[in-house]
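Asker: First the structure, which I've put down as structure tokens, then a few questions once you've had a look.
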Amino acid sequence: MRKEPSQKIAPKALSVWRISGALNSLLFLAASIGSVVLVTLTDLPIWVPVVVIVLSVLLSYIMIQVVPKIRYRIWRYEVREYEIELKFGLFIIRRVLIPMVRVQHVDTKQGPLLRHYNLSSVTISTAATIHEIPALDNETADQVRDFISNMARVTEEDV
């Protein structure tokens with residue numbers, strides 16, 4: 001069996017994913033407020049908003065605390081001369097091999113959260129799919145992007 005990828009993403013990814021989870025949890029807050037308003041306007045039983053609020057708090061906790069820890073613990077990557085290997089997932093763990101000869105385009109990107117934490121994501125495009133290595137520090141992301149670009153060019157010339 002092939003050895004697992006060894007490179008980790010930046011530890012600051014936890015903060016970015018937690019903030020993202022908190023922002024997504026605002027939807028649960030809206031559902032909670034909506035259920036309270038619905039009870040006051042109609043004759044729905046009081047247990048309905050209580051259940052909605054409890055579920056909202058539970059789901060928010062999972063999205064803010066649990067999911068980022070699991071994602072960070074599992075996410076690994078390795079860039080080799082002839083291939084890129086990614087390992088990621090939450091419930092279903094995927095291991096993806098991307099042959100360098102298939103790489104058409106490699107890019108770095110930053111959203112506002114990543115920029116604030118001096119992180120970038122590397123996107124790798126092939127003819128069929130786009131893969132992403134999330135939340136690398138800017139210097140590492142640039143090095144990975146440049147290495148993949150150079151190796152893809154060399155591999156293409158060899159073919």
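We name chains A, B, ... following the order of the structure tokens; residues begin at 1 in each chain, and ligands are numbered from 1 as shown.
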Pull the closest atom pair for each residue of range 64-105 of chain A that gets at most 8 Å from range 140-156 of chain A, along with the distance in Å to one decimal, counting only C-alpha atoms, ordering rows by chain and then ascending residue number, as a tab-separated table.
Answerer:
residue	atom	partner	partner_atom	distance
A:Val79	CA	A:Ile148	CA	7.4
A:Glu81	CA	A:Met151	CA	6.3
A:Tyr82	CA	A:Met151	CA	7.3
A:Met100	CA	A:Ala152	CA	5.0
A:Val101	CA	A:Thr155	CA	5.6
A:Arg102	CA	A:Ala152	CA	7.8
A:Val103	CA	A:Ala152	CA	6.1
A:Gln104	CA	A:Ala152	CA	7.8
A:His105	CA	A:Ser149	CA	7.5
Asker: Taking the DSSP secondary structure from the backbone, can you list the residues of range 33-138 of chain A that are alpha helix (DSSP H), as a PyMOL selection string?
Answerer: chain A and resi 33-41+47-61+67-74+112-116+138
Asker: Could the residues in this selection be saved with N, CA and C atoms as a short mmCIF file (atom, residue, chain, number, x, y, z; two decimals), in the first residue's frame?
Answerer:
data_model
loop_
_atom_site.label_atom_id
_atom_site.label_comp_id
_atom_site.auth_asym_id
_atom_site.auth_seq_id
_atom_site.Cartn_x
_atom_site.Cartn_y
_atom_site.Cartn_z
N ILE A 33 -35.06 32.28 15.22
CA ILE A 33 -35.87 33.50 15.37
C ILE A 33 -37.20 33.34 14.64
N GLY A 34 -37.15 32.76 13.44
CA GLY A 34 -38.38 32.52 12.68
C GLY A 34 -39.35 31.62 13.41
N SER A 35 -38.84 30.60 14.08
CA SER A 35 -39.74 29.69 14.81
C SER A 35 -40.38 30.39 16.01
N VAL A 36 -39.64 31.26 16.69
CA VAL A 36 -40.20 32.02 17.81
C VAL A 36 -41.28 32.97 17.30
N VAL A 37 -41.01 33.65 16.20
CA VAL A 37 -42.00 34.56 15.62
C VAL A 37 -43.24 33.79 15.18
N LEU A 38 -43.03 32.63 14.59
CA LEU A 38 -44.15 31.80 14.14
C LEU A 38 -45.04 31.38 15.30
N VAL A 39 -44.45 31.05 16.43
CA VAL A 39 -45.24 30.65 17.61
C VAL A 39 -46.05 31.84 18.14
N THR A 40 -45.46 33.03 18.11
CA THR A 40 -46.20 34.20 18.62
C THR A 40 -47.33 34.60 17.69
N LEU A 41 -47.18 34.34 16.38
CA LEU A 41 -48.21 34.73 15.42
C LEU A 41 -49.29 33.66 15.22
N TRP A 47 -43.14 23.89 22.17
CA TRP A 47 -42.01 22.99 22.03
C TRP A 47 -41.35 23.10 20.65
N VAL A 48 -42.07 23.60 19.65
CA VAL A 48 -41.50 23.71 18.30
C VAL A 48 -40.27 24.64 18.29
N PRO A 49 -40.39 25.89 18.78
CA PRO A 49 -39.18 26.73 18.76
C PRO A 49 -38.09 26.21 19.70
N VAL A 50 -38.48 25.54 20.78
CA VAL A 50 -37.47 24.99 21.69
C VAL A 50 -36.63 23.94 20.96
N VAL A 51 -37.30 23.06 20.21
CA VAL A 51 -36.59 22.03 19.45
C VAL A 51 -35.71 22.68 18.38
N VAL A 52 -36.25 23.68 17.68
CA VAL A 52 -35.48 24.37 16.63
C VAL A 52 -34.25 25.05 17.23
N ILE A 53 -34.41 25.69 18.38
CA ILE A 53 -33.27 26.38 19.02
C ILE A 53 -32.22 25.38 19.48
N VAL A 54 -32.65 24.28 20.09
CA VAL A 54 -31.69 23.26 20.55
C VAL A 54 -30.94 22.67 19.35
N LEU A 55 -31.66 22.34 18.28
CA LEU A 55 -31.00 21.80 17.09
C LEU A 55 -30.05 22.82 16.47
N SER A 56 -30.43 24.09 16.47
CA SER A 56 -29.58 25.15 15.93
C SER A 56 -28.29 25.27 16.72
N VAL A 57 -28.40 25.24 18.03
CA VAL A 57 -27.20 25.33 18.88
C VAL A 57 -26.30 24.12 18.66
N LEU A 58 -26.89 22.95 18.59
CA LEU A 58 -26.12 21.72 18.39
C LEU A 58 -25.41 21.74 17.03
N LEU A 59 -26.15 22.08 15.97
CA LEU A 59 -25.54 22.12 14.64
C LEU A 59 -24.47 23.21 14.54
N SER A 60 -24.71 24.33 15.18
CA SER A 60 -23.71 25.40 15.17
C SER A 60 -22.43 24.95 15.86
N TYR A 61 -22.56 24.28 16.99
CA TYR A 61 -21.39 23.77 17.71
C TYR A 61 -20.61 22.80 16.81
N VAL A 67 -16.29 19.98 13.08
CA VAL A 67 -15.93 19.79 11.67
C VAL A 67 -14.55 20.36 11.33
N PRO A 68 -14.21 21.59 11.74
CA PRO A 68 -12.86 22.08 11.40
C PRO A 68 -11.74 21.21 11.97
N LYS A 69 -11.90 20.70 13.19
CA LYS A 69 -10.85 19.84 13.77
C LYS A 69 -10.67 18.57 12.96
N ILE A 70 -11.78 17.96 12.56
CA ILE A 70 -11.70 16.72 11.77
C ILE A 70 -11.08 17.01 10.40
N ARG A 71 -11.54 18.08 9.74
CA ARG A 71 -10.99 18.43 8.43
C ARG A 71 -9.49 18.67 8.52
N TYR A 72 -9.05 19.40 9.55
CA TYR A 72 -7.62 19.70 9.68
C TYR A 72 -6.82 18.43 9.95
N ARG A 73 -7.34 17.57 10.79
CA ARG A 73 -6.63 16.34 11.13
C ARG A 73 -6.46 15.43 9.91
N ILE A 74 -7.43 15.43 9.01
CA ILE A 74 -7.42 14.51 7.87
C ILE A 74 -6.70 15.09 6.65
N PRO A 112 -11.50 36.90 1.41
CA PRO A 112 -11.21 37.85 2.48
C PRO A 112 -10.68 37.19 3.76
N LEU A 113 -11.25 36.04 4.13
CA LEU A 113 -10.79 35.36 5.35
C LEU A 113 -9.36 34.84 5.18
N LEU A 114 -9.10 34.19 4.05
CA LEU A 114 -7.75 33.69 3.81
C LEU A 114 -6.74 34.83 3.77
N ARG A 115 -7.11 35.92 3.13
CA ARG A 115 -6.21 37.08 3.04
C ARG A 115 -5.89 37.62 4.42
N HIS A 116 -6.91 37.69 5.27
CA HIS A 116 -6.70 38.19 6.64
C HIS A 116 -5.69 37.35 7.41
N ASN A 138 0.97 31.79 2.46
CA ASN A 138 1.19 32.38 1.13
C ASN A 138 2.49 31.92 0.48
#
Asker: Rounded to one decimal in Å, what is the spacing between CA of Ser6 in chain A and CA of Ile133 in chain A?
Answerer: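 Computing the Euclidean distance for CA of Ser6 in chain A and CA of Ile133 in chain A yields 13.3 Å.
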Asker: Between A:Arg94, A:Met63, A:Arg2, A:Ala13, which is the closest to Leu26 in chain A once you count only C-alpha atoms?
Answerer: A:Met63
Asker: Check chain A with DSSP on the backbone and list each residue it calls strand (DSSP E or B), as JSON, numbers by chain.
Answerer: {"A": [7, 8, 76, 77, 78, 79, 83, 84, 85, 86, 87, 88, 94, 95, 96, 97, 98, 99, 105, 106, 107, 108, 109, 119, 120, 121, 122, 123, 124, 125, 130, 131, 132, 133, 134, 135, 136, 137]}
Asker: Please dump the current selection as an mmCIF file, in the first residue's frame; keep C-alpha atoms.
Answerer:
data_model
loop_
_atom_site.group_PDB
_atom_site.id
_atom_site.type_symbol
_atom_site.label_atom_id
_atom_site.label_comp_id
_atom_site.auth_asym_id
_atom_site.auth_seq_id
_atom_site.Cartn_x
_atom_site.Cartn_y
_atom_site.Cartn_z
ATOM 1 C CA GLN A 7 2.261 17.590 4.043
ATOM 2 C CA LYS A 8 -0.290 19.360 6.257
ATOM 3 C CA ARG A 76 -2.914 16.017 3.687
ATOM 4 C CA TYR A 77 -1.193 16.581 0.377
ATOM 5 C CA GLU A 78 2.030 15.614 -1.346
ATOM 6 C CA VAL A 79 3.468 17.076 -4.541
ATOM 7 C CA GLU A 83 1.912 13.289 -9.445
ATOM 8 C CA ILE A 84 0.014 15.205 -6.799
ATOM 9 C CA GLU A 85 -1.692 13.267 -4.044
ATOM 10 C CA LEU A 86 -4.511 14.671 -1.921
ATOM 11 C CA LYS A 87 -6.190 13.130 1.110
ATOM 12 C CA PHE A 88 -9.313 14.804 2.466
ATOM 13 C CA ARG A 94 -10.802 10.394 -0.345
ATOM 14 C CA ARG A 95 -7.310 9.945 -1.704
ATOM 15 C CA VAL A 96 -6.814 11.480 -5.120
ATOM 16 C CA LEU A 97 -3.822 11.101 -7.438
ATOM 17 C CA ILE A 98 -3.416 13.752 -10.121
ATOM 18 C CA PRO A 99 -0.807 12.876 -12.758
ATOM 19 C CA HIS A 105 -3.521 25.059 -15.055
ATOM 20 C CA VAL A 106 -2.430 25.792 -11.478
ATOM 21 C CA ASP A 107 -3.490 28.880 -9.572
ATOM 22 C CA THR A 108 -3.552 30.421 -6.107
ATOM 23 C CA LYS A 109 -6.595 32.188 -4.719
ATOM 24 C CA LEU A 119 -3.258 32.087 3.576
ATOM 25 C CA SER A 120 -3.927 31.000 -0.005
ATOM 26 C CA SER A 121 -5.514 28.004 -1.667
ATOM 27 C CA VAL A 122 -3.882 26.275 -4.617
ATOM 28 C CA THR A 123 -6.263 25.140 -7.371
ATOM 29 C CA ILE A 124 -5.154 22.493 -9.838
ATOM 30 C CA SER A 125 -7.143 22.198 -13.061
ATOM 31 C CA ILE A 130 -10.558 21.165 -10.479
ATOM 32 C CA HIS A 131 -8.808 20.137 -7.268
ATOM 33 C CA GLU A 132 -7.901 22.416 -4.391
ATOM 34 C CA ILE A 133 -5.324 22.393 -1.629
ATOM 35 C CA PRO A 134 -6.900 24.758 0.904
ATOM 36 C CA ALA A 135 -5.308 27.153 3.372
ATOM 37 C CA LEU A 136 -1.566 27.071 2.807
ATOM 38 C CA ASP A 137 0.518 29.984 4.025
#
Asker: Record the distance separating CA of Glu4 in chain A and CA of Thr126 in chain A, expressed in Å with one decimal.
Answerer: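 We find that CA of Glu4 in chain A and CA of Thr126 in chain A lie 22.3 Å from each other.
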Asker: Just to confirm, what's the straight-line distance from CA of Gly111 in chain A to CA of Leu23 in chain A in Å (one decimal)?
Answerer: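 Going from CA of Gly111 in chain A over to CA of Leu23 in chain A covers 14.3 Å.
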